[in-house]
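This report refers to the structure that appears directly beneath it.
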Amino acid sequence: MNTKVISLVSIGAHPGSGRTRRAEQDARAVELGLQLAGQHLQVVHAGDPREEALRAYLGMGLDHLDVLEQPAGADVLGVLGDYLRDAGAQLVLTGSQAETGEGSGMLPFLLAERLGWPLIVGLAEVESIENGTAQVLQALPRGQRRRLKVRLPLLATVDNAAPKPRQSAFGPARRGVLAARNVMVTQDELLTGAELQPARPRPKRLKVIKAKSGADRMKAATAKASGGGGKVLKEVSPQEGAEAILKLLVEEGVIR
Amino acid sequence: MSDIVRRDPRAEWIARNRLHPLHAAMQTQQSNWMGPGGVIRKNVHAVGFIGPNGIKRIDRSGAQHGTTTVSRRSATTEVQLPLHQVADPAFYIAVVPDMVGGRLGSHDRDLLGLARSLAGSEGAVLAIVFGEHKESNFAAAGVDRLLLIDGDEYRGYAPEQLIQGLRAVDHQFAPRHWLLPDSRTGGGEVGRRLGAALGERPATRVWQVKDNQCIGRAGAGQQDLHRDLPRLILASAECAEPVSETRHEALPVELSVPVARSLPRIDDLGPVAVDPAAIAMAESEFIVSGGNGVKDWDLFHRATVALGATEGASRVAVDDGFMPRHRQVGATGTWVTARVYMAVGISGAIQHLQGIGACDKVVAVNMDPGCDMIKRADLSVIGDSTAILQALIEAVENYRKGAQREAA
């Protein structure tokens, strides 16, 4: 396949210890890219080229990884947009959101808006790429899939429905090259007006029962879960019962 | 006056004791009854009541009943919540609910509650709904103005057209805040697309809004981001309490100019058939569960294949070895979140009912009309599960054939 595939990666943080690691969803983006383009996959990171966690991506079987050198707290939208346009990418894969910093998940949307490319959320599988269009499967909630036909060039985010990333090998991770590039720096002014704090546990929602009398409160506290006012079909033939069930299932849209 | 029934033990004792001097006076006397010949008879002595100073009173207005004929007030009086009206809104708070399955979900209601608190008494909550919906109670959820945008171009997956519609809303109503659910069922994506299109930087995964400040989760959920309230807010579930104390108007409004059509760059080729057995049961949309009442398990498996449903089971069916352990639904098994849950031959132990607490619609097929599952179910069919499953397979096949014929 001669489609140029680029995966964007970031530095992740381990949910327990907070140590830097390869980001879970970005690793899936690299895995999908490797399955599509093999050795021709290009992987880009905007940030610090001396970060050791980047080598975990190299260990997945990459020769080199481009790093657009940026300080912490910089706005990487412009440099990434320019890089992607100059590289002539056809398919750009990213994770859904970063594991560090703001993690708003806006980057792919802003890049797509800036480049004027279509964007697909939750890419699960690329079925075929031909004549400048890609036929892909999109992951929906509840394990469902949708088939889409999209014009290239295309930006796609992957989430946990994408293929599991391969293990990172130590040798290739050492041998791989982190190729740093000097680019322009734009400061992001978000953190001037906002502050990051360790996450507070969210208050649990209390079940407030608005009842006037004690008897009503007691009834509400001890009541079993009940739909209330459900329809009961008694003494009907199995055919009539089945028709009623089918009608409800079709109304709810679960029968296809 | 309260509905509590007050007993008078002395009056009851007198009523039992026929020798008591007050017995005759305290008997309820019928004033009207049908005689044996079909003629209405009246006891004129029983009409009226003894007033406070011992004189007999007859009230013919019908407003007052005598002390002897106290009728019990009806216990169920529907509580009418006060109507909150915004005649001339100073500003709008726009909400785009997810409408999973065509109805407002709990996330949508929380979001509308947040919008209500932001709107105060001056502003109006504007809900924007695309396509058809099945929701009948927007008024109770706190919607002041309802904008329905319908059309062929919004069918299926058309995010770019959706954004065109929201741009038109932004142009016409200029809402002070845009609120969307930060969910995987559409809201998160639409909100971010809208943010990119409008050039607004959204606050994402917001879980608290207070005094023009908001707190949202950042990164992988290890940190919180405190910031000033931006115009576009993507809020997570339970961000605020849903509206419960007022009724709202839900007045329909319309766009003054038609929405521009965007050239679709993404073609929706429709949903792909997924093997229902491969979907994790906790996130499956449609589950058919079998219990002790299922006698023919081959038929049960054929029925789930015909319906395209994920299989589940009650604890009894698992213990008896008819289903694997990982298919058990309930407190000790999997807590399911299916939109439609069909229980075949399951009477509904409390542990099982806990496991299906998050389910939207429950269908029960059971022999016993008094079991707990039928109290929980939205539709129950009383009868033999084998015959009903057989009939259901035939009905589904007929329905599919009919659909094919229509398509052809």
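Letters A, B, ... mark the chains of the structure tokens in the order given; residue numbers begin at 1 per chain; ligand numbers begin at 1, in order shown.
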Apply DSSP to the backbone of this structure and, from range 42-146 of chain A, keep only the residues in alpha helix (DSSP H); write these as a ChimeraX atom specification.
/A:55-58,77-87,107-115
Counting only C-alpha atoms, chain B residues within 7 Å of chain A, as a ChimeraX atom specification:
/B:101,184-185,192-193,196-197,204,218-227,265-272,274,279,283-286,307,375-382,387-388,391-392,395
Taking the DSSP secondary structure from the backbone, can you list the residues of range 15-218 of chain A that are strand (DSSP E), as a ChimeraX atom specification?
/A:20-22,42-47,64-69,91-95,119-120,123-130,133-139,145-151,154-158,177-182,195-198
Which is closer to Ala139 in chain A than all the others in B:Gly186, B:Ile55, B:Asp98, B:Ala237, using only C-alpha atoms?
B:Gly186
What are the closest atom pairs, with distances in Å to one decimal, for each residue of range 163-227 of chain B lying within 8 Å of range 78-92 of chain B, using only C-alpha atoms, rows by chain and rising residue number, as a Markdown table?
| residue | atom | partner | partner_atom | distance |
| --- | --- | --- | --- | --- |
| B:Phe173 | CA | B:Tyr92 | CA | 6.9 |
| B:Ala174 | CA | B:Tyr92 | CA | 7.3 |
| B:Pro175 | CA | B:Tyr92 | CA | 4.6 |
| B:Arg176 | CA | B:Tyr92 | CA | 5.9 |
| B:His177 | CA | B:Tyr92 | CA | 7.4 |
Go ahead and write the selection's residues with C-alpha atoms as an mmCIF file, in the first residue's frame.
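Contents of the output file out_2.cif:
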data_model
loop_
_atom_site.group_PDB
_atom_site.id
_atom_site.type_symbol
_atom_site.label_atom_id
_atom_site.label_comp_id
_atom_site.auth_asym_id
_atom_site.auth_seq_id
_atom_site.Cartn_x
_atom_site.Cartn_y
_atom_site.Cartn_z
ATOM 1 C CA PHE B 173 -30.183 32.690 19.189
ATOM 2 C CA ALA B 174 -26.591 33.609 20.211
ATOM 3 C CA PRO B 175 -26.814 31.486 23.369
ATOM 4 C CA ARG B 176 -24.793 32.611 26.391
ATOM 5 C CA HIS B 177 -23.656 29.030 26.976
#
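CA of Gln25 in chain A lies 5.8 Å from CA of Asp159 in chain A.
With CA of Val329 in chain B on one side and CA of Met373 in chain B on the other, the separation reads 13.6 Å.
CA of Val126 in chain A sits 26.5 Å away from CA of Arg55 in chain A.
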